[in-house]
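Data block for final_29.cif (mmCIF, C-alpha atoms):
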```
data_model
#
loop_
_atom_site.label_atom_id
_atom_site.label_comp_id
_atom_site.auth_asym_id
_atom_site.auth_seq_id
_atom_site.Cartn_x
_atom_site.Cartn_y
_atom_site.Cartn_z
CA MET A 1 13.61 -14.56 0.12
CA ALA A 2 11.74 -11.41 1.10
CA ASP A 3 9.89 -11.21 4.40
CA ILE A 4 6.22 -10.63 3.58
CA SER A 5 4.94 -10.77 7.16
CA ALA A 6 2.78 -7.89 8.37
CA ASN A 7 2.55 -6.09 11.68
CA PHE A 8 -0.66 -4.08 11.90
CA LEU A 9 -1.07 -2.31 15.25
CA GLY A 10 0.94 -5.11 16.84
CA ILE A 11 -1.30 -7.72 15.22
CA LYS A 12 1.07 -10.02 13.36
CA SER A 13 0.26 -12.18 10.34
CA PRO A 14 2.54 -14.25 8.09
CA ASN A 15 1.45 -12.20 5.08
CA PRO A 16 -0.63 -9.04 4.46
CA PHE A 17 -3.48 -10.88 2.75
CA TRP A 18 -6.64 -10.88 4.88
CA LEU A 19 -10.16 -11.94 4.00
CA ALA A 20 -12.62 -9.07 4.33
CA SER A 21 -15.71 -9.17 6.49
CA ALA A 22 -18.17 -10.98 4.23
CA PRO A 23 -19.74 -14.40 3.57
CA PRO A 24 -16.31 -16.13 3.36
CA THR A 25 -15.65 -15.23 7.02
CA ASP A 26 -19.07 -16.08 8.42
CA LYS A 27 -18.22 -19.27 10.26
CA LYS A 28 -15.48 -21.50 11.63
CA TYR A 29 -15.63 -23.93 8.69
CA ASN A 30 -14.80 -21.22 6.14
CA VAL A 31 -12.18 -19.50 8.27
CA LEU A 32 -10.27 -22.70 9.01
CA ARG A 33 -10.25 -23.56 5.31
CA ALA A 34 -8.92 -20.06 4.60
CA PHE A 35 -6.15 -20.36 7.18
CA GLU A 36 -5.20 -23.80 5.87
CA ALA A 37 -4.94 -22.30 2.37
CA GLY A 38 -2.52 -19.67 3.67
CA TRP A 39 -4.47 -16.47 4.33
CA GLY A 40 -2.69 -14.25 6.83
CA GLY A 41 -5.82 -13.12 8.61
CA VAL A 42 -9.57 -12.64 8.47
CA VAL A 43 -12.09 -10.02 9.44
CA TRP A 44 -14.98 -12.05 10.84
CA LYS A 45 -18.34 -11.19 9.28
CA THR A 46 -20.03 -8.35 11.14
CA LEU A 47 -21.63 -9.20 14.50
CA GLY A 48 -24.54 -7.29 15.96
CA SER A 49 -28.24 -7.58 16.63
CA GLN A 50 -29.97 -10.60 15.13
CA VAL A 51 -31.07 -10.11 11.52
CA LYS A 52 -32.88 -12.11 8.86
CA ASN A 53 -31.47 -12.21 5.34
CA VAL A 54 -33.44 -12.50 2.10
CA SER A 55 -33.15 -14.72 -0.97
CA SER A 56 -31.70 -14.09 -3.50
CA ARG A 57 -28.82 -11.88 -2.41
CA TYR A 58 -26.19 -11.52 -5.13
CA SER A 59 -25.88 -10.17 -8.67
CA SER A 60 -22.98 -9.25 -10.90
CA VAL A 61 -21.82 -7.24 -13.88
CA ASP A 62 -20.01 -9.20 -16.59
CA PHE A 63 -17.82 -7.57 -19.23
CA ASN A 64 -16.35 -8.62 -22.55
CA GLY A 65 -16.90 -12.31 -21.94
CA GLY A 66 -15.52 -12.21 -18.41
CA ARG A 67 -17.67 -13.09 -15.43
CA VAL A 68 -18.08 -10.93 -12.30
CA MET A 69 -16.26 -7.75 -13.23
CA GLY A 70 -18.41 -6.24 -10.49
CA PHE A 71 -20.25 -7.99 -7.67
CA ASN A 72 -23.35 -6.76 -5.87
CA ASN A 73 -24.95 -8.03 -2.67
CA ILE A 74 -27.91 -7.18 -0.46
CA GLU A 75 -26.83 -9.48 2.34
CA LEU A 76 -26.84 -8.06 5.87
CA ILE A 77 -24.52 -8.73 8.79
CA SER A 78 -24.18 -12.23 10.24
CA ASP A 79 -27.56 -13.88 10.74
CA ARG A 80 -26.11 -16.61 12.95
CA PRO A 81 -26.64 -16.49 16.74
CA LEU A 82 -24.05 -14.34 18.50
CA ASP A 83 -23.05 -17.03 20.99
CA ILE A 84 -22.23 -19.47 18.17
CA ASN A 85 -20.10 -16.87 16.40
CA LEU A 86 -18.21 -16.05 19.60
CA LYS A 87 -17.55 -19.73 20.33
CA GLU A 88 -16.23 -20.35 16.83
CA ILE A 89 -14.03 -17.23 16.87
CA ALA A 90 -12.35 -18.46 20.06
CA GLU A 91 -11.79 -21.89 18.54
CA CYS A 92 -10.19 -20.43 15.40
CA VAL A 93 -7.85 -18.23 17.46
CA LYS A 94 -6.64 -21.27 19.42
CA LEU A 95 -6.11 -23.39 16.31
CA PHE A 96 -4.27 -20.66 14.36
CA PRO A 97 -2.68 -18.27 16.90
CA ASP A 98 -0.29 -16.87 14.27
CA ARG A 99 -3.11 -15.50 12.06
CA ALA A 100 -4.81 -12.15 12.48
CA MET A 101 -8.34 -12.45 13.85
CA ILE A 102 -10.24 -9.20 13.51
CA VAL A 103 -13.96 -9.09 14.30
CA SER A 104 -16.29 -6.69 12.52
CA LEU A 105 -18.89 -5.04 14.76
CA MET A 106 -22.12 -3.12 14.27
CA ALA A 107 -23.94 -2.63 17.56
CA ASP A 108 -27.18 -0.77 18.11
CA ASN A 109 -26.80 3.00 18.34
CA ASP A 110 -26.25 3.38 22.06
CA LYS A 111 -23.16 3.25 24.22
CA GLU A 112 -24.28 0.30 26.34
CA SER A 113 -24.83 -1.95 23.32
CA TRP A 114 -21.36 -1.19 21.99
CA HIS A 115 -19.71 -1.77 25.36
CA GLU A 116 -21.53 -5.06 25.88
CA LEU A 117 -20.64 -6.37 22.43
CA ILE A 118 -17.01 -5.33 22.78
CA LYS A 119 -16.63 -7.16 26.09
CA LYS A 120 -18.13 -10.38 24.68
CA VAL A 121 -15.84 -10.34 21.64
CA GLU A 122 -12.71 -9.55 23.64
CA ASP A 123 -13.36 -12.66 25.70
CA THR A 124 -12.82 -14.77 22.56
CA GLY A 125 -9.15 -13.80 22.33
CA ALA A 126 -9.67 -11.89 19.07
CA HIS A 127 -6.82 -9.55 18.15
CA GLY A 128 -8.77 -6.50 17.06
CA PHE A 129 -12.08 -4.92 16.05
CA GLU A 130 -13.26 -3.43 12.77
CA LEU A 131 -16.17 -1.02 13.16
CA ASN A 132 -18.56 -1.40 10.25
CA PHE A 133 -19.45 2.18 9.30
CA GLY A 134 -20.07 1.26 5.69
CA CYS A 135 -22.86 -1.26 5.00
CA PRO A 136 -24.99 0.57 2.38
CA HIS A 137 -28.17 -1.50 2.59
CA GLY A 138 -30.49 -2.89 5.20
CA MET A 139 -28.60 -1.63 8.20
CA THR A 140 -28.61 1.94 6.88
CA GLU A 141 -32.37 2.05 7.18
CA ARG A 142 -31.93 1.23 10.87
CA GLY A 143 -29.56 4.15 11.43
CA MET A 144 -26.48 1.91 11.33
CA GLY A 145 -23.71 1.06 8.84
CA ALA A 146 -23.28 3.76 6.21
CA ALA A 147 -25.73 5.99 8.10
CA VAL A 148 -22.98 6.30 10.73
CA GLY A 149 -20.10 6.58 8.25
CA GLN A 150 -21.83 9.34 6.29
CA ASP A 151 -22.03 11.63 9.33
CA PRO A 152 -18.66 12.57 10.87
CA VAL A 153 -20.32 13.75 14.10
CA ILE A 154 -22.12 10.46 14.67
CA ALA A 155 -19.08 8.44 13.61
CA LYS A 156 -16.90 10.31 16.07
CA MET A 157 -19.38 9.73 18.87
CA VAL A 158 -19.53 5.98 18.24
CA VAL A 159 -15.74 5.67 18.04
CA GLU A 160 -15.48 7.49 21.36
CA TRP A 161 -17.91 4.98 22.89
CA VAL A 162 -15.86 2.11 21.52
CA MET A 163 -12.53 3.49 22.73
CA GLU A 164 -13.92 3.75 26.25
CA ALA A 165 -14.33 -0.02 26.39
CA ALA A 166 -11.90 -1.59 23.93
CA THR A 167 -8.58 -2.94 25.18
CA ILE A 168 -7.50 -4.36 21.80
CA PRO A 169 -6.81 -2.37 18.59
CA VAL A 170 -9.74 -0.71 16.81
CA ILE A 171 -10.01 -0.28 13.03
CA THR A 172 -12.81 1.87 11.60
CA LYS A 173 -14.15 0.86 8.18
CA LEU A 174 -15.25 3.80 6.04
CA THR A 175 -18.11 4.03 3.57
CA PRO A 176 -17.39 5.19 -0.01
CA ASN A 177 -20.97 6.47 -0.32
CA VAL A 178 -19.87 10.03 0.41
CA HIS A 179 -18.31 12.89 -1.54
CA SER A 180 -15.07 12.40 0.40
CA VAL A 181 -13.96 9.82 2.94
CA VAL A 182 -11.64 12.30 4.63
CA PRO A 183 -14.11 14.13 6.95
CA THR A 184 -15.38 10.91 8.54
CA GLY A 185 -11.90 9.39 8.58
CA GLN A 186 -10.51 12.46 10.30
CA ALA A 187 -13.34 12.50 12.84
CA CYS A 188 -12.70 8.84 13.68
CA VAL A 189 -8.97 9.40 14.11
CA GLU A 190 -9.64 12.39 16.34
CA ALA A 191 -11.97 10.18 18.38
CA GLY A 192 -9.15 7.71 18.95
CA THR A 193 -9.49 4.91 16.39
CA ASN A 194 -6.18 3.09 16.01
CA ALA A 195 -6.51 2.50 12.27
CA LEU A 196 -8.78 2.87 9.25
CA SER A 197 -9.93 0.47 6.56
CA LEU A 198 -11.56 1.28 3.22
CA ILE A 199 -13.52 0.99 1.11
CA ASN A 200 -16.77 -0.69 1.98
CA THR A 201 -19.19 -1.44 -0.85
CA ILE A 202 -20.70 1.20 -3.15
CA GLN A 203 -24.48 1.52 -3.37
CA SER A 204 -25.58 0.21 -6.75
CA VAL A 205 -28.01 -1.37 -9.19
CA THR A 206 -26.18 -3.88 -11.36
CA GLY A 207 -28.86 -4.36 -14.00
CA ILE A 208 -32.48 -5.18 -14.81
CA ASP A 209 -33.91 -8.42 -16.14
CA LEU A 210 -35.47 -7.41 -19.47
CA ASP A 211 -38.09 -10.15 -19.25
CA THR A 212 -39.32 -9.59 -15.68
CA PHE A 213 -38.41 -5.86 -15.53
CA VAL A 214 -37.09 -6.44 -11.99
CA PRO A 215 -33.56 -5.30 -11.05
CA ASN A 216 -31.11 -7.93 -9.85
CA PRO A 217 -31.11 -9.60 -7.42
CA ASN A 218 -34.80 -10.47 -7.56
CA VAL A 219 -36.56 -11.01 -4.23
CA GLY A 220 -40.13 -11.97 -5.08
CA GLY A 221 -40.52 -9.33 -7.77
CA LYS A 222 -38.72 -6.53 -5.90
CA SER A 223 -35.10 -5.54 -5.39
CA ALA A 224 -33.05 -3.05 -3.37
CA PHE A 225 -29.92 -0.98 -3.78
CA GLY A 226 -27.00 -3.26 -3.03
CA GLY A 227 -23.32 -2.99 -2.18
CA TYR A 228 -21.00 -3.05 -5.22
CA CYS A 229 -17.49 -4.50 -5.05
CA GLY A 230 -15.04 -6.53 -7.13
CA PRO A 231 -12.50 -5.46 -9.79
CA ALA A 232 -14.79 -2.68 -11.07
CA VAL A 233 -14.41 -0.64 -7.87
CA LYS A 234 -10.62 -0.84 -7.58
CA PRO A 235 -9.88 2.58 -9.19
CA ILE A 236 -12.36 4.25 -6.81
CA ALA A 237 -10.87 2.46 -3.83
CA LEU A 238 -7.33 3.52 -4.78
CA LYS A 239 -8.42 7.14 -5.09
CA MET A 240 -10.12 7.16 -1.70
CA LEU A 241 -7.20 5.31 -0.11
CA THR A 242 -4.82 7.98 -1.40
CA THR A 243 -6.87 10.84 0.04
CA ILE A 244 -6.70 9.15 3.46
CA ALA A 245 -2.96 8.44 3.17
CA GLN A 246 -2.16 12.01 2.10
CA ASN A 247 -4.21 13.75 4.80
CA PRO A 248 -2.05 14.92 7.73
CA VAL A 249 -4.53 13.55 10.29
CA THR A 250 -5.71 10.29 8.77
CA GLY A 251 -2.32 9.54 7.23
CA LYS A 252 -0.84 9.05 10.69
CA VAL A 253 -2.69 5.80 11.38
CA PRO A 254 -2.26 2.41 9.65
CA ILE A 255 -4.64 1.59 6.80
CA SER A 256 -6.09 -1.71 5.65
CA GLY A 257 -6.98 -1.47 1.96
CA ILE A 258 -10.11 -3.00 0.43
CA GLY A 259 -11.78 -2.85 -2.97
CA GLY A 260 -11.36 -5.09 -6.01
CA ILE A 261 -8.11 -6.77 -5.01
CA SER A 262 -7.82 -9.95 -7.07
CA THR A 263 -4.08 -10.48 -7.63
CA TRP A 264 -0.75 -9.80 -5.96
CA LYS A 265 -0.30 -6.85 -8.32
CA ASP A 266 -3.53 -5.29 -7.07
CA ALA A 267 -2.33 -5.79 -3.50
CA VAL A 268 1.01 -4.13 -4.23
CA GLU A 269 -0.76 -1.12 -5.74
CA PHE A 270 -2.81 -0.68 -2.57
CA MET A 271 0.31 -1.02 -0.43
CA LEU A 272 2.22 1.49 -2.54
CA LEU A 273 -0.60 3.93 -1.81
CA GLY A 274 -0.46 3.40 1.94
CA SER A 275 -2.05 0.08 2.95
CA THR A 276 -0.23 -2.08 5.45
CA THR A 277 -2.60 -5.00 4.88
CA VAL A 278 -5.14 -5.72 2.15
CA GLN A 279 -8.53 -7.37 2.41
CA VAL A 280 -10.05 -9.61 -0.27
CA CYS A 281 -13.59 -10.86 -0.78
CA THR A 282 -14.97 -11.05 -4.34
CA ALA A 283 -11.90 -12.78 -5.80
CA ALA A 284 -12.09 -15.48 -3.13
CA MET A 285 -15.82 -15.95 -3.73
CA LYS A 286 -15.17 -16.35 -7.46
CA HIS A 287 -12.02 -18.48 -7.39
CA GLY A 288 -11.82 -20.05 -3.93
CA PHE A 289 -9.39 -19.62 -1.08
CA ARG A 290 -6.32 -21.03 -2.86
CA ILE A 291 -5.86 -17.84 -4.86
CA VAL A 292 -3.81 -16.67 -1.89
CA GLU A 293 -1.03 -19.05 -2.97
CA ASP A 294 -0.49 -17.03 -6.15
CA MET A 295 -0.69 -13.80 -4.16
CA ILE A 296 2.00 -14.95 -1.74
CA GLU A 297 4.29 -16.24 -4.49
CA GLY A 298 3.81 -13.17 -6.66
CA LEU A 299 4.52 -10.74 -3.82
CA ASN A 300 7.62 -12.69 -2.81
CA ASN A 301 8.99 -12.73 -6.34
CA TRP A 302 8.27 -9.05 -6.95
CA MET A 303 9.93 -7.99 -3.71
CA ASP A 304 13.00 -10.10 -4.51
CA GLU A 305 13.17 -8.58 -7.98
CA LYS A 306 12.93 -5.03 -6.64
CA GLY A 307 15.27 -5.64 -3.70
CA PHE A 308 12.69 -4.99 -0.98
CA ARG A 309 13.47 -6.93 2.20
CA THR A 310 10.19 -6.27 4.03
CA ILE A 311 6.80 -4.88 3.02
CA ASN A 312 7.58 -1.74 5.03
CA ASP A 313 10.24 -0.91 2.45
CA PHE A 314 7.60 0.00 -0.14
CA ILE A 315 4.38 0.77 1.75
CA GLY A 316 3.32 4.30 0.82
CA LYS A 317 6.07 4.71 -1.78
CA SER A 318 3.64 6.06 -4.39
CA VAL A 319 1.56 8.34 -2.16
CA ASN A 320 3.45 11.52 -3.02
CA THR A 321 3.37 10.87 -6.77
CA LEU A 322 -0.33 11.77 -6.85
CA THR A 323 -0.70 15.53 -6.84
CA ASN A 324 -3.08 18.28 -7.95
CA TRP A 325 -3.56 18.82 -11.68
CA GLU A 326 -2.21 22.37 -11.33
CA ASP A 327 1.15 20.95 -10.19
CA LEU A 328 1.72 18.68 -13.21
CA ASP A 329 4.56 19.52 -15.62
CA ILE A 330 3.17 21.22 -18.73
CA ASN A 331 6.55 20.93 -20.46
CA TYR A 332 6.42 17.14 -20.27
CA HIS A 333 5.19 15.83 -23.64
CA ILE A 334 4.99 12.39 -25.22
CA ILE A 335 4.39 11.21 -28.78
CA ALA A 336 3.11 7.84 -29.97
CA ARG A 337 5.29 5.46 -31.97
CA ILE A 338 3.93 2.50 -33.95
CA ASP A 339 6.25 -0.50 -34.36
CA GLN A 340 5.55 -1.63 -37.91
CA ASP A 341 7.07 -5.06 -37.23
CA LYS A 342 4.52 -5.70 -34.48
CA CYS A 343 1.50 -4.01 -36.10
CA ILE A 344 -1.28 -6.39 -37.18
CA HIS A 345 -2.94 -3.68 -39.32
CA CYS A 346 -6.27 -3.85 -37.48
CA GLY A 347 -6.78 -0.09 -37.68
CA LEU A 348 -8.15 0.27 -34.16
CA CYS A 349 -5.69 3.05 -33.34
CA TYR A 350 -6.66 4.99 -36.47
CA ILE A 351 -10.42 4.61 -35.87
CA ALA A 352 -10.14 5.71 -32.23
CA CYS A 353 -7.93 8.70 -32.99
CA GLU A 354 -9.79 9.77 -36.15
CA ASP A 355 -13.29 9.54 -34.68
CA THR A 356 -12.80 10.56 -31.06
CA SER A 357 -9.41 12.16 -30.53
CA HIS A 358 -6.94 14.35 -32.45
CA GLN A 359 -6.68 12.90 -35.98
CA SER A 360 -3.00 12.18 -35.36
CA ILE A 361 -2.60 8.89 -37.26
CA ASN A 362 -2.03 8.54 -40.98
CA LEU A 363 -3.79 5.80 -42.94
CA ALA A 364 -1.99 4.56 -46.02
CA TYR A 365 -4.15 2.25 -48.12
CA GLY A 366 -2.31 -0.73 -49.54
CA LYS A 367 -2.30 -4.36 -50.51
CA PRO A 368 -2.40 -6.76 -48.82
CA TYR A 369 -2.98 -4.43 -45.85
CA ASN A 370 -3.16 -0.81 -44.77
CA THR A 371 -0.38 0.80 -42.77
CA TYR A 372 -0.54 3.40 -40.03
CA SER A 373 1.89 6.03 -38.82
CA VAL A 374 1.81 8.92 -36.36
CA LYS A 375 1.58 12.59 -37.32
CA GLU A 376 4.04 13.87 -34.74
CA GLU A 377 2.98 17.49 -35.08
CA GLU A 378 -0.62 16.59 -34.25
CA CYS A 379 -0.06 14.02 -31.50
CA VAL A 380 -0.91 15.31 -28.01
CA GLY A 381 0.26 12.18 -26.21
CA CYS A 382 -3.16 11.23 -24.86
CA ASN A 383 -2.40 7.44 -24.83
CA LEU A 384 -5.69 6.46 -26.52
CA CYS A 385 -4.04 4.63 -29.41
CA LYS A 386 -1.83 2.67 -27.05
CA LEU A 387 -4.81 1.74 -24.88
CA VAL A 388 -6.90 0.34 -27.75
CA CYS A 389 -4.04 -1.46 -29.51
CA PRO A 390 -4.43 -5.25 -29.03
CA VAL A 391 -0.68 -5.95 -29.41
CA GLU A 392 1.52 -5.39 -26.39
CA ASN A 393 4.26 -2.80 -26.96
CA CYS A 394 3.27 -2.25 -30.58
CA ILE A 395 2.48 1.37 -29.72
CA THR A 396 4.83 3.07 -27.29
CA MET A 397 4.99 6.63 -26.02
CA GLU A 398 8.26 8.54 -26.39
CA VAL A 399 9.17 11.65 -24.42
CA HIS A 400 9.54 14.89 -26.41
CA ARG A 401 9.66 17.71 -23.88
CA LYS A 402 8.37 21.16 -24.83
CA GLY A 403 10.99 22.74 -22.59
CA GLU A 404 13.81 21.60 -20.33
CA GLU A 405 12.51 23.21 -17.14
CA TYR A 406 9.61 21.99 -15.01
CA LEU A 407 6.61 24.25 -15.55
CA ASN A 408 3.21 23.89 -13.91
CA TRP A 409 -0.05 25.61 -14.81
CA LYS A 410 0.14 28.17 -12.01
CA GLU A 411 3.59 29.31 -13.11
CA PHE A 412 2.51 29.18 -16.74
CA GLN A 413 -0.29 31.64 -15.99
CA ARG A 414 1.92 33.84 -13.82
CA GLN A 415 4.44 34.24 -16.61
CA GLY A 416 1.70 34.94 -19.16
CA LEU A 417 3.13 32.44 -21.63
CA PRO A 418 1.32 31.95 -24.98
CA LEU A 419 -0.92 28.87 -25.12
CA ASN A 420 0.08 27.99 -28.67
CA ASP A 421 3.61 27.14 -27.56
CA HIS A 422 2.22 24.30 -25.45
#
```
What is this file in structure tokens?
Amino acid sequence: MADISANFLGIKSPNPFWLASAPPTDKKYNVLRAFEAGWGGVVWKTLGSQVKNVSSRYSSVDFNGGRVMGFNNIELISDRPLDINLKEIAECVKLFPDRAMIVSLMADNDKESWHELIKKVEDTGAHGFELNFGCPHGMTERGMGAAVGQDPVIAKMVVEWVMEAATIPVITKLTPNVHSVVPTGQACVEAGTNALSLINTIQSVTGIDLDTFVPNPNVGGKSAFGGYCGPAVKPIALKMLTTIAQNPVTGKVPISGIGGISTWKDAVEFMLLGSTTVQVCTAAMKHGFRIVEDMIEGLNNWMDEKGFRTINDFIGKSVNTLTNWEDLDINYHIIARIDQDKCIHCGLCYIACEDTSHQSINLAYGKPYNTYSVKEEECVGCNLCKLVCPVENCITMEVHRKGEEYLNWKEFQRQGLPLNDH
């Protein structure tokens, strides 16, 4: 069986599945239940100055009959007394010494506050810190959270303060509420952070109650921009993860991936794009802690099938397959094929292509049903018909190259080739 254990900055865990800093990691009771279920590690909910949370705090976006495609919260950092959190962290470390215990921090914006908080947390026996530079609500208005992560100069300064005092590994968590995560990530690496994690939640409004006219969640007739997470943010998280992994500065440090991870397949995708560990929140809040059992089993089976002995054998394997558009092969061309034996004659491919794409599908009226076929000369290989088809593998895409040699757009322009040939 494959070895799925992780080693992140010397912090070892039996698997790469960690719980992200969030309500599920707010207290000893939750964390012990998570460890008993099999989670490899946790990032304890952010510690800092005492706060007071509001009610209600959560909202969601549902889609196509499914609940919680996207999850939104306006909850702040831990509102429990610091001394209680520290006591419980120490107890969890003693009870489960083989699990990763990372503690998320957000101190006030001065060096002394950071140094004091770091010393107190280190005394618990925790294995590492995660600096919360991403919270998009509540703390931002106080000059903390995303307000730090959105300014590379401030982020670098805070990391430098932290590195002066920390004797255990430091992970810096980046905000996605920026044009690019690279400038802040690079500044933090230059300041000495040992690793990066991303993404934190995306500022959002999930919807408005059409009876009360108040956005969700409703706090006494008002609302606030919240932090968006869950499956809906996964594509954004993967993009931002890749930009960090590909950058020559930020790509040198380990990465913990976050953002919409719900299954072992999601986790593998993050790891293929550079994550050593992955952090989960929304899926656990929706399904409970035992989802990690499926994640562990699925990862094990996939690695055995692919012949990977350890997770290091495939971490980052897909990073170099993402390139600039100008470097893609113009001579590569695909054409749709419809398997008539699998077709259920619903016409969705025809409607999508006829109304919104390239009119590349023939409709032949008949009894008892219509039939559909592809006009090869018109098909541009856009994939739309395959994406809307409800039958798996009914529509496949076959390769029909325009030329044998690789040709990108820059070379195409340099040679002055006619557009009509492509």
Original post:
Excluding same-chain residues fewer than 6 positions from Cys188 in chain A, what lies within 12 Å of it counting all atoms listed in the file, as a PyMOL selection string?
Top reply: chain A and resi 131+133+148-163+170-174+181-182+194-197+244+249-250+253
Subject >> Residue among A:Asn30, A:Ser204, A:Thr282, A:Ser373 lying closest to Arg67 in chain A, counting all atoms listed in the file >> reply: A:Thr282
**OP:** Apply the PyMOL selection byres ((chain A and resi 353-355) around 12) to the structure shown and report the selected residues as a PyMOL selection string.
**Re:** chain A and resi 336+347-352+356-363+372-375+378-389
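Evaluating the PyMOL selection byres ((chain A and resi 398) around 8) against the shown model yields A:Ile334, A:Ile335, A:Ala336, A:Arg337, A:Thr396, A:Met397, A:Val399, A:His400.
One finds CA of Phe412 in chain A at 15.3 Å from CA of His333 in chain A.
When CA of Thr184 in chain A is paired with CA of Ala166 in chain A, their separation reads 20.1 Å.
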Subject >> Pick from A:Phe213, A:Trp302, A:Phe35, A:Phe63 nearest to Pro97 in chain A, counting all atoms listed in the file >> reply: A:Phe35
